[in-house]
There are 2 protein chains.
Amino acid sequence: MRIVVALGGNALLRRGEALTEENQRENVRIASEALAPIAEEHQLVISHGNGPQVGLLSLQGAAYKPDEAYPLDVLGAQTEGMIGYMIEQELGNLLPQDVPFATLLTMVEVDAADPAFQNPTKFIGPVYEEAEARRLAGEKDWSIKADGDKWRRVVASPLPKRIFEIRPIKWLVEHGTIVICAGGGGIPTVYDENDKLHGIEAVIDKDFASELLARELAADLFIMATDVDAVYVDWGKPDAKRIKRASPDVIAEYEFPAGSMGPKVDAACQFARRTGKTAAIGALADLSGMLTGDAGTTISGDAIAIEWH
Amino acid sequence: MRIVVALGGNALLRRGEALTEENQRENVRIASEALAPIAEEHQLVISHGNGPQVGLLSLQGAAYKPDEAYPLDVLGAQTEGMIGYMIEQELGNLLPQDVPFATLLTMVEVDAADPAFQNPTKFIGPVYEEAEARRLAGEKDWSIKADGDKWRRVVASPLPKRIFEIRPIKWLVEHGTIVICAGGGGIPTVYDENDKLHGIEAVIDKDFASELLARELAADLFIMATDVDAVYVDWGKPDAKRIKRASPDVIAEYEFPAGSMGPKVDAACQFARRTGKTAAIGALADLSGMLTGDAGTTISGDAIAIEWH
């Protein structure tokens, strides 16, 4: 099988943990332990989040020379190199030395007219007091929003339209290469009026970018690995129930949290609908179980009754 | 032809220029103008330096949380993403939109017993007063050396033994992809006693890594692009002479500055000797002339008299 696994930010960094190299390595190592058995049996393509890492690099840049801090597209490129390197090395250490690996810088085209640009929603970088946030917003042409009792910059999260490197990714997979790509949802880029491509200050949802990747690669299975073991109905309530299997039509009748599980369910439904193949959402530690449908939440097929764990 | 072009650090950042995103972009744009005509006619693989960029990222990390600053291998991975992104985007903007590109994270194996580790020579990161440098050296197990009247950290520059991603690079080139790889000489890695690969605090000479790349790709031509228009004998003296063409045996009779032109001449000679093909050293702006042997210094063939410009 050809399998695309999207590693959630929380699969690479446990909530609340400091973003040191050691902590990142440790989590990448844990993720690699889960990925290695899949890599041994199947064609594997890995994408990953980069939210905390971009946040850290923007703090580092601001601490040194704030006026020369790099824009989001460049920071995104830096994190694709850094995280890809750690995954390539740690997963490589668990597999035979002759398994080929490639970590690809990935640019993703978005639509400059995407309505998301009218309503930026993704928090980026440090928190500020309101006055400081307003000053920076004026100075740097940022959008800002309250985040609890502090303020933060927000950027748009437009939909991914095209993965520029999709042909090289496909060629490498066909040669048996384990490919790491589309980190952080890919670097958002747009064509300007002169048909020149450039980066844009935005963040593409990693799950939607990974769905596009899986679809364009004709993957048989698209897995979103996170720190929750399945999609829950009534999450956090006493009668919360874990979905084992559902069709896109059936699961669409439920609502899920907009900031976390909602986009994953939407991406899974989109993949199942457009390809007729299977998408799965669940915990990193349960990857093998998700391949057989025994763990996590599997979304595929036509309308049937929902199955619970 | 299959051509490997190594872009020198000075081809990507003019001496003395601040390392802002705008300056880097501008220089990458100039480099891309020189590369585009080659990309249109030949198979092109691009490598590049990263010295100033690694220096900047290490300053940013030290300014934020010095105790959590990332090690050199991780910073190298970040710069491979960042610089590769800029080259891929800017060069892509000068070529038809259907030309495939790939920027590959590149790890290079070095020998832990390389004698270079006994004599670290490469300056890295900020300058310090002597006392501060000595304190940091004790605390972080650094080697330090005087650099003018200040002190700096030095790391080893071991020889590259193996490019791990060479097969993916080759497959992509065979598919007509313009590949950007081996940035900064690649990330130096070693196998430990348990056969696990990990990064090591060192810097691989970009020209030697690029020579290995060109040789393993069976390149027809290996070009080192810098900010000097040729190899000079008696550089800086009134009777300095520019070499147009020489064989490895003949040019070996001259001496060149150890920190700059020396390693380039050595890498060119090694390529010419081991492959029987041609290596060239010259200015970025003269790339097209170097293809025909009209510009720069061309090194190939058997012992013949040196030709001057």
# chains A, B, ... in the order shown; residues from 1 in each chain; ligands from 1
>>> residues_around(residues="range 294-307 of chain B", least_positions_apart="4", cutoff="7 Å", atoms="only C-alpha atoms", output="number ranges by chain")
B: 229-231, 243-250, 268-269, 272, 276-283, 286, 289-290
>>> write_last_selection(atoms="N, CA, C and O atoms", output="CSV table (one decimal), in the first residue's frame")
chain,number,residue,atom,x,y,z
B,229,ASP,N,37.0,36.1,-10.7
B,229,ASP,CA,36.8,35.7,-12.0
B,229,ASP,C,37.6,34.6,-12.6
B,229,ASP,O,37.4,34.1,-13.7
B,230,ALA,N,38.6,34.2,-11.8
B,230,ALA,CA,39.5,33.1,-12.2
B,230,ALA,C,40.4,32.7,-11.1
B,230,ALA,O,40.5,33.4,-10.0
B,231,VAL,N,41.2,31.7,-11.2
B,231,VAL,CA,42.3,31.4,-10.3
B,231,VAL,C,43.5,32.2,-10.7
B,231,VAL,O,43.9,32.2,-11.9
B,243,ILE,N,44.8,32.2,-14.6
B,243,ILE,CA,44.9,31.0,-15.3
B,243,ILE,C,43.6,30.7,-16.2
B,243,ILE,O,42.5,30.8,-15.6
B,244,LYS,N,43.8,30.4,-17.4
B,244,LYS,CA,42.6,30.0,-18.3
B,244,LYS,C,42.4,28.5,-18.3
B,244,LYS,O,41.3,28.1,-18.1
B,245,ARG,N,43.5,27.8,-18.4
B,245,ARG,CA,43.3,26.3,-18.5
B,245,ARG,C,44.6,25.7,-17.9
B,245,ARG,O,45.7,26.2,-18.1
B,246,ALA,N,44.4,24.6,-17.2
B,246,ALA,CA,45.6,23.8,-16.7
B,246,ALA,C,45.1,22.4,-16.4
B,246,ALA,O,44.0,22.1,-16.2
B,247,SER,N,46.1,21.5,-16.4
B,247,SER,CA,45.8,20.2,-15.9
B,247,SER,C,46.1,20.1,-14.4
B,247,SER,O,46.8,21.0,-13.9
B,248,PRO,N,45.5,19.1,-13.7
B,248,PRO,CA,45.8,19.0,-12.3
B,248,PRO,C,47.3,19.0,-12.0
B,248,PRO,O,47.7,19.6,-11.0
B,249,ASP,N,48.1,18.3,-12.8
B,249,ASP,CA,49.5,18.1,-12.5
B,249,ASP,C,50.2,19.5,-12.6
B,249,ASP,O,51.1,19.8,-11.8
B,250,VAL,N,49.8,20.3,-13.6
B,250,VAL,CA,50.5,21.5,-13.8
B,250,VAL,C,50.1,22.5,-12.7
B,250,VAL,O,51.0,23.2,-12.1
B,268,ALA,N,38.8,21.0,-7.5
B,268,ALA,CA,38.8,20.9,-9.0
B,268,ALA,C,39.8,19.8,-9.5
B,268,ALA,O,39.4,19.0,-10.4
B,269,CYS,N,41.0,19.8,-9.0
B,269,CYS,CA,42.0,18.8,-9.4
B,269,CYS,C,41.5,17.4,-9.1
B,269,CYS,O,41.6,16.5,-9.9
B,272,ALA,N,38.9,16.4,-11.6
B,272,ALA,CA,39.5,16.2,-13.0
B,272,ALA,C,40.3,14.8,-13.0
B,272,ALA,O,40.2,14.0,-13.9
B,276,GLY,N,38.3,12.3,-15.1
B,276,GLY,CA,38.7,12.6,-16.4
B,276,GLY,C,37.8,13.7,-17.1
B,276,GLY,O,38.0,14.0,-18.2
B,277,LYS,N,36.9,14.2,-16.3
B,277,LYS,CA,36.1,15.3,-16.8
B,277,LYS,C,36.6,16.7,-16.4
B,277,LYS,O,37.7,16.8,-15.8
B,278,THR,N,35.9,17.7,-16.6
B,278,THR,CA,36.4,19.1,-16.4
B,278,THR,C,35.8,19.8,-15.2
B,278,THR,O,34.6,19.6,-15.0
B,279,ALA,N,36.6,20.5,-14.5
B,279,ALA,CA,36.1,21.4,-13.4
B,279,ALA,C,36.5,22.8,-13.8
B,279,ALA,O,37.4,23.0,-14.5
B,280,ALA,N,35.6,23.7,-13.3
B,280,ALA,CA,35.9,25.1,-13.6
B,280,ALA,C,35.7,26.0,-12.4
B,280,ALA,O,34.8,25.7,-11.5
B,281,ILE,N,36.5,27.0,-12.2
B,281,ILE,CA,36.4,28.0,-11.1
B,281,ILE,C,36.3,29.4,-11.7
B,281,ILE,O,37.1,29.8,-12.5
B,282,GLY,N,35.3,30.2,-11.3
B,282,GLY,CA,35.2,31.5,-11.8
B,282,GLY,C,34.0,32.3,-11.2
B,282,GLY,O,33.4,31.8,-10.2
B,283,ALA,N,33.7,33.4,-11.8
B,283,ALA,CA,32.7,34.3,-11.3
B,283,ALA,C,31.3,33.8,-11.7
B,283,ALA,O,31.1,33.4,-12.8
B,286,ASP,N,30.0,34.9,-15.0
B,286,ASP,CA,30.6,34.3,-16.2
B,286,ASP,C,30.3,32.8,-16.4
B,286,ASP,O,30.9,32.1,-17.1
B,289,GLY,N,30.3,31.5,-19.9
B,289,GLY,CA,31.6,31.5,-20.4
B,289,GLY,C,32.4,30.3,-19.9
B,289,GLY,O,33.3,29.7,-20.6
B,290,MET,N,32.1,29.9,-18.7
B,290,MET,CA,32.8,28.8,-18.1
B,290,MET,C,32.4,27.5,-18.8
B,290,MET,O,33.2,26.5,-18.8
>>> residues_around(residues="Glu130 in chain B", least_positions_apart="6", cutoff="12 Å", atoms="only C-alpha atoms", output="MDAnalysis selection string")
chainID B and resid 136:137 144:153
>>> residues_around(residues="Leu56 in chain B", least_positions_apart="6", cutoff="9 Å", atoms="only C-alpha atoms", output="number ranges by chain")
B: 19, 125-126
>>> write_last_selection(atoms="N, CA, C and O atoms", output="PDB file, in the first residue's frame")
ATOM      1  N   LEU B  19      22.698  40.443   6.531  1.00  0.00           N
ATOM      2  CA  LEU B  19      22.062  39.195   6.095  1.00  0.00           C
ATOM      3  C   LEU B  19      20.540  39.279   6.209  1.00  0.00           C
ATOM      4  O   LEU B  19      19.902  38.416   6.791  1.00  0.00           O
ATOM      5  N   GLY B 125      30.177  31.308  14.264  1.00  0.00           N
ATOM      6  CA  GLY B 125      29.426  32.136  15.213  1.00  0.00           C
ATOM      7  C   GLY B 125      30.131  33.433  15.560  1.00  0.00           C
ATOM      8  O   GLY B 125      31.058  33.874  14.879  1.00  0.00           O
ATOM      9  N   PRO B 126      29.666  34.081  16.637  1.00  0.00           N
ATOM     10  CA  PRO B 126      30.102  35.435  16.981  1.00  0.00           C
ATOM     11  C   PRO B 126      31.548  35.517  17.477  1.00  0.00           C
ATOM     12  O   PRO B 126      32.141  34.507  17.836  1.00  0.00           O
TER      13      PRO B 126
END
>>> residues_around(residues="Tyr254 in chain B", least_positions_apart="2", cutoff="10 Å", atoms="only C-alpha atoms", output="list in words")
Tyr232, Val233, Asp234, Asp249, Val250, Ile251, Ala252, Phe256 and Gly262 of chain B
>>> closest_residue(among="A:Asp266, A:Asp227, A:Asp67, A:Glu174", to="Glu211 in chain A", atoms="only C-alpha atoms")
A:Asp266
>>> closest_atom_pairs(of="chain B", to="chain A", cutoff="7 Å", atoms="only C-alpha atoms", output="CSV")
residue,atom,partner,partner_atom,distance
B:Thr20,CA,A:Glu68,CA,5.7
B:Glu21,CA,A:Tyr70,CA,6.2
B:Leu59,CA,A:Tyr64,CA,7.0
B:Gln60,CA,A:Gln60,CA,5.0
B:Gly61,CA,A:Gln60,CA,5.4
B:Ala63,CA,A:Tyr64,CA,5.2
B:Tyr64,CA,A:Gln60,CA,5.0
B:Glu68,CA,A:Thr20,CA,5.7
B:Tyr70,CA,A:Glu21,CA,6.2
B:Val74,CA,A:Met82,CA,5.7
B:Ala77,CA,A:Gly81,CA,4.8
B:Gln78,CA,A:Gln78,CA,4.1
B:Thr79,CA,A:Gln78,CA,6.2
B:Glu80,CA,A:Gly81,CA,6.2
B:Gly81,CA,A:Gly81,CA,4.5
B:Met82,CA,A:Ala77,CA,4.9
B:Tyr85,CA,A:Ala77,CA,6.3
B:Gln89,CA,A:Leu197,CA,6.8
B:Asn93,CA,A:Lys196,CA,5.5
B:Pro100,CA,A:Glu165,CA,6.9
B:Phe101,CA,A:Glu165,CA,6.5
B:Ala102,CA,A:Glu165,CA,6.5
B:Thr103,CA,A:Leu105,CA,5.4
B:Leu104,CA,A:Leu104,CA,5.1
B:Leu105,CA,A:Thr103,CA,5.4
B:Glu165,CA,A:Ala102,CA,6.5
B:Pro168,CA,A:Leu172,CA,6.5
B:Leu172,CA,A:Pro168,CA,6.5
B:Lys196,CA,A:Asn93,CA,5.5
B:Leu197,CA,A:Asn93,CA,6.4
>>> closest_residue(among="B:Asp111, B:Glu216, B:Glu26, B:Asp205", to="Asp192 in chain B", atoms="only C-alpha atoms")
B:Asp111
>>> atom_distance(atom1="CA of Pro188 in chain A", atom2="CA of Lys161 in chain A")
9.8 Å
>>> select_by_dssp(residues="range 120-262 of chain A", states="strand (DSSP E or B)", output="ChimeraX atom specification")
/A:122-128,143-147,150-156,162-163,178-180,187-191,197-199,202,221-226,232-233,241-246
>>> write_last_selection(atoms="N, CA and C atoms", output="CSV table (one decimal), in the first residue's frame")
chain,number,residue,atom,x,y,z
A,122,LYS,N,-5.3,32.2,12.3
A,122,LYS,CA,-4.2,31.4,12.9
A,122,LYS,C,-3.3,32.2,13.8
A,123,PHE,N,-3.2,31.9,15.1
A,123,PHE,CA,-2.3,32.6,16.0
A,123,PHE,C,-0.8,32.3,15.6
A,124,ILE,N,0.0,33.3,15.6
A,124,ILE,CA,1.4,33.1,15.3
A,124,ILE,C,2.3,33.9,16.2
A,125,GLY,N,3.4,33.3,16.7
A,125,GLY,CA,4.4,34.0,17.4
A,125,GLY,C,4.0,34.3,18.9
A,126,PRO,N,4.7,35.3,19.5
A,126,PRO,CA,4.6,35.5,20.9
A,126,PRO,C,3.3,36.2,21.3
A,127,VAL,N,3.0,36.2,22.6
A,127,VAL,CA,1.8,36.9,23.1
A,127,VAL,C,2.3,38.3,23.5
A,128,TYR,N,1.4,39.3,23.4
A,128,TYR,CA,1.8,40.7,23.8
A,128,TYR,C,0.7,41.3,24.6
A,143,SER,N,-2.4,41.6,11.3
A,143,SER,CA,-3.7,41.5,12.0
A,143,SER,C,-3.5,40.9,13.4
A,144,ILE,N,-4.2,41.4,14.4
A,144,ILE,CA,-4.0,40.9,15.7
A,144,ILE,C,-5.4,40.5,16.3
A,145,LYS,N,-5.4,39.6,17.3
A,145,LYS,CA,-6.6,39.2,18.0
A,145,LYS,C,-6.3,38.9,19.4
A,146,ALA,N,-7.3,39.0,20.3
A,146,ALA,CA,-7.1,38.6,21.7
A,146,ALA,C,-7.0,37.1,21.8
A,147,ASP,N,-6.0,36.6,22.6
A,147,ASP,CA,-5.9,35.2,22.9
A,147,ASP,C,-5.8,35.1,24.4
A,150,LYS,N,-4.2,38.1,26.7
A,150,LYS,CA,-3.2,38.7,25.9
A,150,LYS,C,-3.6,38.8,24.4
A,151,TRP,N,-2.7,39.4,23.7
A,151,TRP,CA,-2.9,39.6,22.2
A,151,TRP,C,-1.8,38.9,21.4
A,152,ARG,N,-2.2,38.5,20.2
A,152,ARG,CA,-1.2,37.9,19.3
A,152,ARG,C,-1.5,38.2,17.9
A,153,ARG,N,-0.5,38.0,17.1
A,153,ARG,CA,-0.7,38.2,15.7
A,153,ARG,C,-1.5,37.0,15.1
A,154,VAL,N,-2.4,37.3,14.2
A,154,VAL,CA,-3.1,36.2,13.5
A,154,VAL,C,-2.8,36.3,12.0
A,155,VAL,N,-2.7,35.2,11.3
A,155,VAL,CA,-2.6,35.2,9.8
A,155,VAL,C,-3.6,34.3,9.3
A,156,ALA,N,-3.8,34.4,8.0
A,156,ALA,CA,-4.9,33.7,7.3
A,156,ALA,C,-4.4,32.2,7.1
A,162,ARG,N,-2.2,23.6,-4.9
A,162,ARG,CA,-1.2,22.9,-5.7
A,162,ARG,C,0.1,22.7,-4.9
A,163,ILE,N,0.6,21.5,-4.9
A,163,ILE,CA,1.9,21.2,-4.3
A,163,ILE,C,2.9,21.2,-5.5
A,178,ILE,N,11.4,6.7,1.0
A,178,ILE,CA,10.6,7.3,2.1
A,178,ILE,C,10.7,8.8,2.0
A,179,VAL,N,9.6,9.5,1.7
A,179,VAL,CA,9.7,10.9,1.4
A,179,VAL,C,9.1,11.7,2.6
A,180,ILE,N,9.8,12.7,3.1
A,180,ILE,CA,9.3,13.6,4.1
A,180,ILE,C,9.0,15.0,3.4
A,187,ILE,N,5.0,25.6,2.3
A,187,ILE,CA,5.2,27.1,2.3
A,187,ILE,C,4.1,27.8,1.4
A,188,PRO,N,3.3,28.6,2.0
A,188,PRO,CA,2.2,29.2,1.2
A,188,PRO,C,2.8,30.2,0.2
A,189,THR,N,2.5,30.1,-1.1
A,189,THR,CA,3.0,30.9,-2.1
A,189,THR,C,1.8,31.3,-3.1
A,190,VAL,N,2.0,32.5,-3.7
A,190,VAL,CA,1.0,32.9,-4.7
A,190,VAL,C,1.7,33.5,-5.9
A,191,TYR,N,1.1,33.4,-7.0
A,191,TYR,CA,1.6,34.1,-8.2
A,191,TYR,C,1.1,35.6,-8.2
A,197,LEU,N,6.2,33.8,-8.7
A,197,LEU,CA,5.8,33.1,-7.5
A,197,LEU,C,6.5,33.7,-6.3
A,198,HIS,N,5.8,34.0,-5.2
A,198,HIS,CA,6.5,34.4,-4.0
A,198,HIS,C,5.7,34.0,-2.8
A,199,GLY,N,6.4,34.0,-1.6
A,199,GLY,CA,5.8,33.6,-0.4
A,199,GLY,C,4.8,34.6,0.1
A,202,ALA,N,1.1,33.6,5.6
A,202,ALA,CA,-0.1,32.8,5.9
A,202,ALA,C,0.3,31.4,6.4
A,221,LEU,N,-4.2,4.9,1.7
A,221,LEU,CA,-4.6,5.3,3.0
A,221,LEU,C,-3.9,6.6,3.5
A,222,PHE,N,-4.7,7.4,4.1
A,222,PHE,CA,-4.3,8.7,4.6
A,222,PHE,C,-4.5,8.8,6.1
A,223,ILE,N,-3.4,8.8,6.8
A,223,ILE,CA,-3.5,8.8,8.3
A,223,ILE,C,-3.1,10.1,8.9
A,224,MET,N,-4.0,10.7,9.8
A,224,MET,CA,-3.6,11.8,10.6
A,224,MET,C,-3.3,11.4,12.0
A,225,ALA,N,-2.0,11.4,12.4
A,225,ALA,CA,-1.6,11.0,13.7
A,225,ALA,C,-1.6,12.1,14.7
A,226,THR,N,-2.2,12.0,15.8
A,226,THR,CA,-2.3,13.1,16.7
A,226,THR,C,-2.1,12.5,18.2
A,232,TYR,N,-13.9,11.7,18.8
A,232,TYR,CA,-15.0,11.5,19.9
A,232,TYR,C,-16.2,12.3,19.5
A,233,VAL,N,-17.4,11.7,19.8
A,233,VAL,CA,-18.6,12.5,19.8
A,233,VAL,C,-18.8,12.9,21.3
A,241,LYS,N,-18.3,9.4,23.2
A,241,LYS,CA,-18.2,8.1,22.5
A,241,LYS,C,-17.1,8.1,21.4
A,242,ARG,N,-16.4,7.0,21.3
A,242,ARG,CA,-15.3,7.0,20.3
A,242,ARG,C,-15.8,6.3,19.0
A,243,ILE,N,-15.6,7.1,17.9
A,243,ILE,CA,-16.0,6.5,16.6
A,243,ILE,C,-15.0,5.5,16.1
A,244,LYS,N,-15.4,4.4,15.7
A,244,LYS,CA,-14.5,3.4,15.1
A,244,LYS,C,-14.5,3.5,13.6
A,245,ARG,N,-15.7,3.6,13.0
A,245,ARG,CA,-15.8,3.7,11.6
A,245,ARG,C,-17.0,4.5,11.2
A,246,ALA,N,-16.9,5.3,10.1
A,246,ALA,CA,-18.0,6.0,9.6
A,246,ALA,C,-17.8,6.4,8.2
>>> decode(residues="range 35-49 of chain B", atoms="N, CA, C and O atoms", output="mmCIF file, in the first residue's frame")
data_model
loop_
_atom_site.group_PDB
_atom_site.id
_atom_site.type_symbol
_atom_site.label_atom_id
_atom_site.label_comp_id
_atom_site.auth_asym_id
_atom_site.auth_seq_id
_atom_site.Cartn_x
_atom_site.Cartn_y
_atom_site.Cartn_z
ATOM 1 N N LEU B 35 22.141 31.278 -13.635
ATOM 2 C CA LEU B 35 21.891 29.835 -13.718
ATOM 3 C C LEU B 35 20.840 29.477 -14.764
ATOM 4 O O LEU B 35 20.877 28.384 -15.345
ATOM 5 N N ALA B 36 19.891 30.385 -14.991
ATOM 6 C CA ALA B 36 18.733 30.048 -15.838
ATOM 7 C C ALA B 36 19.129 29.565 -17.235
ATOM 8 O O ALA B 36 18.594 28.546 -17.709
ATOM 9 N N PRO B 37 20.054 30.253 -17.924
ATOM 10 C CA PRO B 37 20.406 29.775 -19.270
ATOM 11 C C PRO B 37 20.998 28.366 -19.259
ATOM 12 O O PRO B 37 20.782 27.594 -20.189
ATOM 13 N N ILE B 38 21.715 28.012 -18.204
ATOM 14 C CA ILE B 38 22.271 26.658 -18.090
ATOM 15 C C ILE B 38 21.147 25.659 -17.864
ATOM 16 O O ILE B 38 21.108 24.579 -18.466
ATOM 17 N N ALA B 39 20.201 26.034 -16.996
ATOM 18 C CA ALA B 39 19.085 25.132 -16.684
ATOM 19 C C ALA B 39 18.251 24.845 -17.924
ATOM 20 O O ALA B 39 17.654 23.775 -18.052
ATOM 21 N N GLU B 40 18.213 25.804 -18.849
ATOM 22 C CA GLU B 40 17.391 25.610 -20.051
ATOM 23 C C GLU B 40 18.010 24.611 -21.015
ATOM 24 O O GLU B 40 17.319 24.017 -21.822
ATOM 25 N N GLU B 41 19.322 24.421 -20.926
ATOM 26 C CA GLU B 41 20.014 23.593 -21.914
ATOM 27 C C GLU B 41 20.552 22.285 -21.340
ATOM 28 O O GLU B 41 20.855 21.370 -22.097
ATOM 29 N N HIS B 42 20.722 22.234 -20.035
ATOM 30 C CA HIS B 42 21.448 21.111 -19.450
ATOM 31 C C HIS B 42 20.730 20.571 -18.220
ATOM 32 O O HIS B 42 19.815 21.199 -17.700
ATOM 33 N N GLN B 43 21.191 19.402 -17.762
ATOM 34 C CA GLN B 43 20.776 18.894 -16.449
ATOM 35 C C GLN B 43 21.563 19.668 -15.391
ATOM 36 O O GLN B 43 22.789 19.686 -15.444
ATOM 37 N N LEU B 44 20.870 20.273 -14.449
ATOM 38 C CA LEU B 44 21.538 21.159 -13.496
ATOM 39 C C LEU B 44 21.299 20.720 -12.050
ATOM 40 O O LEU B 44 20.167 20.483 -11.647
ATOM 41 N N VAL B 45 22.385 20.613 -11.314
ATOM 42 C CA VAL B 45 22.317 20.360 -9.871
ATOM 43 C C VAL B 45 23.070 21.494 -9.185
ATOM 44 O O VAL B 45 24.172 21.854 -9.610
ATOM 45 N N ILE B 46 22.447 22.069 -8.166
ATOM 46 C CA ILE B 46 23.008 23.262 -7.515
ATOM 47 C C ILE B 46 23.323 22.957 -6.050
ATOM 48 O O ILE B 46 22.466 22.458 -5.318
ATOM 49 N N SER B 47 24.535 23.272 -5.635
ATOM 50 C CA SER B 47 24.844 23.247 -4.196
ATOM 51 C C SER B 47 25.229 24.672 -3.795
ATOM 52 O O SER B 47 25.405 25.533 -4.654
ATOM 53 N N HIS B 48 25.331 24.925 -2.518
ATOM 54 C CA HIS B 48 25.565 26.303 -2.082
ATOM 55 C C HIS B 48 26.205 26.344 -0.702
ATOM 56 O O HIS B 48 26.104 25.391 0.069
ATOM 57 N N GLY B 49 26.840 27.476 -0.399
ATOM 58 C CA GLY B 49 27.399 27.696 0.928
ATOM 59 C C GLY B 49 26.319 28.109 1.917
ATOM 60 O O GLY B 49 25.178 28.383 1.538
#
